[in-house]
Amino acid sequence: MRLRTALTERLGVALPILGAPMAGVAHGALARAVTEGGGLGMVGVGSADPAELIAREAAAASAGGHLPFGIGLMAWALGDRPELLDETVAARPTLVSVSFGSPGPYVEVLHDAGILVASQVQDRAGAIAAAEAGVDIVVAQGTDAGGHTGTVGTLPLLQIVLDAVDPPVVAAGGIATARGLAAVLAAGAAGAWVGTCLLACPEARTNPAARAKVLAAGETDTILTRVFDVAQGIGWPEGFAGRALRNRFTDAWYGRETELVGDADARQRLAEARGADDFDTAYIYAGQAVGLVRRSLPAAQVVRDLGEAAASLLAERLDVLLGEGPRS
Ligand SMILES: Cc1cc2nc3c(=O)[nH]c(=O)nc-3n(C[C@H](O)[C@H](O)[C@H](O)COP(=O)(O)O)c2cc1C
């Protein structure tokens, strides 16, 4: 099964589906499984991850150099940690995303190494800046997304970005079923960038207790919040909050971030909860599509099913919308 777009042509993959780089969750095993399902899997690199993680997880993602894969970096972290970029280039991925900050300073070095560059953007200005910086793929990341993101919903953002820039645009945020994939492809996106729908896959490095929470959560159970970053003293730029499952910690501290900075006990409680896998306090980043994740299936199957069902749905809908038969 193939679904052809500018993305599949550039990446040399069968399906227009990218497995989101999720720090701490999307490592080599998940990336490899996504690629084996026909998409392109990406390894997420966190701002505090050791640089050695990159070569190790790249080897797993590529099955020892045989499969294409991607790596996702955070632009704001690279100034202090240039070794993350060096190790990424050395790992020879097909695609690197540089998101949450300007990709500009990194595009040339990646292109010189023969690596395609993507960047997740959250508004029109960010999309235009990424395109001007020379990225090959612009990822319109709506606020529906899990993890760090902006405030504009995926659907309005996708329409804005498709009109604003020339490079292929990929949609991210809230896509977890064939209906979502078919919708963004029909709108003109070159593909979908999916994270939340992979959180319950056995290849994800999701803790079993966290996985159970993901499977039980509904679409109204997430919150866009900075409380976990504030409590941990992580240097995320102010414009990016993280979408996570609501829990006791967000109930207690959302809107009280300034107080939280000065509350060492609360910060200690979060650190202890993380150590104890207590997700009533510790965070689970997940998007609104968590309400669509009901089973723990292998990632290759998730990707294959998404692609196949989207192709059927598109064919069916086109037939109904443009064909001669009865309307529905
Ligand atoms: C648990 C989790 C961790 C994430 N970590 C990263 C990351 O390290 N780097 C990154 O560029 N995006 C990260 N993201 C955002 C994803 O790249 C992507 O935008 C998002 O998952 C797409 O929306 P969806 O979750 O609704 O599929 C993360 C998302 C989740 C759910």
# chains A, B, ... in the order shown; residues from 1 in each chain; ligands from 1
call {"tool": "closest_atom_pairs", "arguments": {"of": "region 213-276 of chain A", "to": "region 86-106 of chain A", "cutoff": "10 Å", "atoms": "only C-alpha atoms", "output": "CSV"}}
result
residue,atom,partner,partner_atom,distance
A:Trp236,CA,A:Phe100,CA,8.6
A:Pro237,CA,A:Phe100,CA,8.0
A:Gly239,CA,A:Phe100,CA,9.0
A:Phe240,CA,A:Phe100,CA,7.5
call {"tool": "write_last_selection", "arguments": {"atoms": "C-alpha atoms", "output": "PDB file, in the first residue's frame"}}
result
ATOM      1  CA  TRP A 236      11.747  26.180  27.848  1.00  0.00           C
ATOM      2  CA  PRO A 237      11.150  29.550  26.172  1.00  0.00           C
ATOM      3  CA  GLY A 239       5.938  30.839  24.419  1.00  0.00           C
ATOM      4  CA  PHE A 240       5.870  27.053  24.678  1.00  0.00           C
TER       5      PHE A 240
END
call {"tool": "select_by_dssp", "arguments": {"residues": "region 162-242 of chain A", "states": "strand (DSSP E or B)", "output": "PyMOL selection string"}}
result
chain A and resi 169-172+191-194+222-225+241-242
call {"tool": "residues_near_ligand", "arguments": {"ligand": "ligand 1", "cutoff": "9 Å", "atoms": "only C-alpha atoms and all ligand atoms", "output": "JSON, numbers by chain"}}
result
{"A": [19, 20, 21, 22, 23, 24, 25, 26, 43, 44, 45, 46, 47, 71, 72, 73, 74, 97, 98, 99, 100, 119, 120, 139, 140, 141, 142, 143, 144, 145, 146, 147, 148, 149, 171, 172, 173, 174, 175, 176, 192, 193, 194, 195, 196, 197, 198, 199, 206, 242, 243, 244, 284, 285, 286, 287, 288, 289, 290]}
call {"tool": "residues_around", "arguments": {"residues": "Ala210 (chain A)", "least_positions_apart": "4", "cutoff": "9 Å", "atoms": "only C-alpha atoms", "output": "list in words"}}
result
Ala200, Thr206, Val214, Leu215, Asp277, Asp278, Phe279, Tyr283 and Ile284 of chain A
call {"tool": "write_last_selection", "arguments": {"atoms": "N, CA, C and O atoms", "output": "PDB file, in the first residue's frame"}}
result
ATOM      1  N   ALA A 200       0.815   4.350  23.481  1.00  0.00           N
ATOM      2  CA  ALA A 200       0.484   3.063  24.104  1.00  0.00           C
ATOM      3  C   ALA A 200       1.108   1.875  23.373  1.00  0.00           C
ATOM      4  O   ALA A 200       0.869   0.729  23.754  1.00  0.00           O
ATOM      5  N   THR A 206       7.119   4.201  27.168  1.00  0.00           N
ATOM      6  CA  THR A 206       6.138   4.714  28.123  1.00  0.00           C
ATOM      7  C   THR A 206       6.096   3.753  29.302  1.00  0.00           C
ATOM      8  O   THR A 206       6.006   2.545  29.114  1.00  0.00           O
ATOM      9  N   VAL A 214      -2.923   6.659  29.852  1.00  0.00           N
ATOM     10  CA  VAL A 214      -3.176   7.082  28.467  1.00  0.00           C
ATOM     11  C   VAL A 214      -4.392   6.353  27.922  1.00  0.00           C
ATOM     12  O   VAL A 214      -5.289   6.961  27.316  1.00  0.00           O
ATOM     13  N   LEU A 215      -4.454   5.046  28.139  1.00  0.00           N
ATOM     14  CA  LEU A 215      -5.564   4.251  27.602  1.00  0.00           C
ATOM     15  C   LEU A 215      -6.901   4.646  28.236  1.00  0.00           C
ATOM     16  O   LEU A 215      -7.950   4.524  27.613  1.00  0.00           O
ATOM     17  N   ASP A 277       7.109   6.652  39.861  1.00  0.00           N
ATOM     18  CA  ASP A 277       6.095   6.403  38.812  1.00  0.00           C
ATOM     19  C   ASP A 277       4.690   6.714  39.307  1.00  0.00           C
ATOM     20  O   ASP A 277       3.729   5.997  38.996  1.00  0.00           O
ATOM     21  N   ASP A 278       4.577   7.775  40.092  1.00  0.00           N
ATOM     22  CA  ASP A 278       3.269   8.183  40.603  1.00  0.00           C
ATOM     23  C   ASP A 278       2.720   9.281  39.685  1.00  0.00           C
ATOM     24  O   ASP A 278       3.039  10.467  39.843  1.00  0.00           O
ATOM     25  N   PHE A 279       1.882   8.861  38.731  1.00  0.00           N
ATOM     26  CA  PHE A 279       1.420   9.803  37.711  1.00  0.00           C
ATOM     27  C   PHE A 279       0.200  10.623  38.137  1.00  0.00           C
ATOM     28  O   PHE A 279      -0.337  11.378  37.349  1.00  0.00           O
ATOM     29  N   TYR A 283       4.243  13.929  35.451  1.00  0.00           N
ATOM     30  CA  TYR A 283       3.580  14.279  34.194  1.00  0.00           C
ATOM     31  C   TYR A 283       3.563  13.149  33.171  1.00  0.00           C
ATOM     32  O   TYR A 283       4.451  12.307  33.124  1.00  0.00           O
ATOM     33  N   ILE A 284       2.521  13.180  32.368  1.00  0.00           N
ATOM     34  CA  ILE A 284       2.442  12.366  31.144  1.00  0.00           C
ATOM     35  C   ILE A 284       2.050  13.338  30.044  1.00  0.00           C
ATOM     36  O   ILE A 284       0.929  13.865  30.035  1.00  0.00           O
TER      37      ILE A 284
END
call {"tool": "residues_around", "arguments": {"residues": "region 231-234 of chain A", "least_positions_apart": "2", "cutoff": "7 Å", "atoms": "only C-alpha atoms", "output": "list of chain:residue names"}}
result
A:Val227, A:Phe228, A:Asp229, A:Trp236, A:Leu260, A:Val261, A:Arg267
call {"tool": "closest_residue", "arguments": {"among": "A:Gly291, A:Gly275, A:Gly39, A:Gly307", "to": "Leu181 (chain A)", "atoms": "only C-alpha atoms"}}
result
A:Gly307
call {"tool": "residues_around", "arguments": {"residues": "Ser312 (chain A)", "least_positions_apart": "4", "cutoff": "12 Å", "atoms": "only C-alpha atoms", "output": "list of chain:residue names"}}
result
A:Met1, A:Arg2, A:Leu3, A:Ala178, A:Arg179, A:Leu181, A:Ala182, A:Asp305, A:Leu306, A:Gly307, A:Glu308, A:Glu316, A:Arg317, A:Leu318, A:Asp319
call {"tool": "write_last_selection", "arguments": {"atoms": "C-alpha atoms", "output": "compact mmCIF listing (two decimals), in the first residue's frame"}}
result
# COMPACT_ATOMS: atom_id res chain seq x y z
CA MET A 1 0.00 0.00 0.00
CA ARG A 2 1.31 3.43 -0.98
CA LEU A 3 -0.08 6.94 -0.55
CA ALA A 178 -7.58 7.42 9.38
CA ARG A 179 -10.21 10.19 9.45
CA LEU A 181 -4.97 11.57 8.22
CA ALA A 182 -7.45 11.66 5.33
CA ASP A 305 -3.69 0.65 9.52
CA LEU A 306 -3.71 4.47 9.49
CA GLY A 307 -2.35 4.57 5.94
CA GLU A 308 -4.56 1.82 4.53
CA GLU A 316 -14.78 6.40 -0.73
CA ARG A 317 -15.39 10.05 0.13
CA LEU A 318 -14.20 11.27 -3.26
CA ASP A 319 -16.56 8.85 -4.91
call {"tool": "closest_residue", "arguments": {"among": "A:Ala29, A:Ala183, A:Gln268, A:Ala190", "to": "Ala310 (chain A)", "atoms": "only C-alpha atoms"}}
result
A:Ala183
call {"tool": "atom_distance", "arguments": {"atom1": "CA of Ala216 (chain A)", "atom2": "CA of Glu272 (chain A)"}}
result
23.6 Å
call {"tool": "select_by_dssp", "arguments": {"residues": "region 67-305 of chain A", "states": "helix (DSSP H, G or I)", "output": "JSON, numbers by chain"}}
result
{"A": [75, 76, 77, 78, 82, 83, 84, 85, 86, 87, 88, 89, 90, 104, 105, 106, 107, 108, 109, 110, 111, 112, 124, 125, 126, 127, 128, 129, 130, 131, 132, 133, 154, 155, 156, 157, 158, 159, 160, 161, 162, 163, 164, 178, 179, 180, 181, 182, 183, 184, 185, 186, 187, 196, 197, 198, 208, 209, 210, 211, 212, 213, 214, 215, 216, 227, 228, 229, 230, 231, 232, 248, 249, 250, 251, 252, 253, 257, 258, 259, 260, 261, 264, 265, 266, 267, 268, 269, 270, 271, 272, 273, 274, 275, 288, 289, 290, 291, 292, 299, 300, 301, 302, 303, 304, 305]}
call {"tool": "residues_around", "arguments": {"residues": "region 123-125 of chain A", "least_positions_apart": "6", "cutoff": "10 Å", "atoms": "only C-alpha atoms", "output": "ChimeraX atom specification"}}
result
/A:131,140-142,150-153,156-165
call {"tool": "write_last_selection", "arguments": {"atoms": "N, CA and C atoms", "output": "mmCIF file, in the first residue's frame"}}
result
data_model
loop_
_atom_site.group_PDB
_atom_site.id
_atom_site.type_symbol
_atom_site.label_atom_id
_atom_site.label_comp_id
_atom_site.auth_asym_id
_atom_site.auth_seq_id
_atom_site.Cartn_x
_atom_site.Cartn_y
_atom_site.Cartn_z
ATOM 1 N N ALA A 131 10.482 28.689 6.583
ATOM 2 C CA ALA A 131 10.641 28.551 5.126
ATOM 3 C C ALA A 131 11.803 29.427 4.643
ATOM 4 N N ALA A 140 3.181 22.034 10.636
ATOM 5 C CA ALA A 140 2.204 22.906 11.307
ATOM 6 C C ALA A 140 1.721 22.162 12.552
ATOM 7 N N GLN A 141 2.210 22.599 13.705
ATOM 8 C CA GLN A 141 1.912 21.882 14.956
ATOM 9 C C GLN A 141 0.850 22.639 15.747
ATOM 10 N N GLY A 142 -0.347 22.085 15.749
ATOM 11 C CA GLY A 142 -1.446 22.726 16.455
ATOM 12 C C GLY A 142 -1.396 22.485 17.950
ATOM 13 N N GLY A 150 2.077 25.319 20.698
ATOM 14 C CA GLY A 150 1.571 26.685 20.770
ATOM 15 C C GLY A 150 0.105 26.712 21.143
ATOM 16 N N THR A 151 -0.593 27.736 20.654
ATOM 17 C CA THR A 151 -1.966 27.958 21.114
ATOM 18 C C THR A 151 -3.012 27.926 19.989
ATOM 19 N N VAL A 152 -2.581 27.731 18.746
ATOM 20 C CA VAL A 152 -3.531 27.721 17.627
ATOM 21 C C VAL A 152 -3.870 26.268 17.270
ATOM 22 N N GLY A 153 -5.154 26.005 17.048
ATOM 23 C CA GLY A 153 -5.581 24.643 16.731
ATOM 24 C C GLY A 153 -5.010 24.142 15.407
ATOM 25 N N PRO A 156 -7.055 25.374 11.878
ATOM 26 C CA PRO A 156 -6.771 26.728 11.369
ATOM 27 C C PRO A 156 -5.285 26.911 11.030
ATOM 28 N N LEU A 157 -4.410 26.363 11.871
ATOM 29 C CA LEU A 157 -2.971 26.542 11.610
ATOM 30 C C LEU A 157 -2.579 25.905 10.279
ATOM 31 N N LEU A 158 -3.087 24.718 10.017
ATOM 32 C CA LEU A 158 -2.735 24.038 8.768
ATOM 33 C C LEU A 158 -3.155 24.877 7.563
ATOM 34 N N GLN A 159 -4.357 25.424 7.610
ATOM 35 C CA GLN A 159 -4.828 26.249 6.480
ATOM 36 C C GLN A 159 -3.942 27.478 6.308
ATOM 37 N N ILE A 160 -3.569 28.099 7.430
ATOM 38 C CA ILE A 160 -2.711 29.294 7.388
ATOM 39 C C ILE A 160 -1.350 28.951 6.795
ATOM 40 N N VAL A 161 -0.762 27.870 7.277
ATOM 41 C CA VAL A 161 0.605 27.527 6.861
ATOM 42 C C VAL A 161 0.621 27.058 5.403
ATOM 43 N N LEU A 162 -0.392 26.304 5.008
ATOM 44 C CA LEU A 162 -0.445 25.854 3.602
ATOM 45 C C LEU A 162 -0.474 27.050 2.656
ATOM 46 N N ASP A 163 -1.172 28.111 3.047
ATOM 47 C CA ASP A 163 -1.243 29.301 2.195
ATOM 48 C C ASP A 163 0.022 30.153 2.282
ATOM 49 N N ALA A 164 0.759 30.031 3.406
ATOM 50 C CA ALA A 164 1.849 30.979 3.666
ATOM 51 C C ALA A 164 3.207 30.559 3.110
ATOM 52 N N VAL A 165 3.437 29.266 2.921
ATOM 53 C CA VAL A 165 4.797 28.833 2.562
ATOM 54 C C VAL A 165 4.805 27.872 1.365
#
call {"tool": "atom_distance", "arguments": {"atom1": "CA of Arg248 (chain A)", "atom2": "CA of Ala282 (chain A)"}}
result
8.9 Å
call {"tool": "atom_distance", "arguments": {"atom1": "CA of Leu85 (chain A)", "atom2": "CA of Asp136 (chain A)"}}
result
17.6 Å
call {"tool": "closest_residue", "arguments": {"among": "A:Gly180, A:Gly126, A:Leu155, A:Arg226", "to": "Ala309 (chain A)", "atoms": "only C-alpha atoms"}}
result
A:Gly180
call {"tool": "closest_residue", "arguments": {"among": "A:Thr8, A:Glu57, A:His27, A:Leu245", "to": "Leu40 (chain A)", "atoms": "only C-alpha atoms"}}
result
A:Thr8
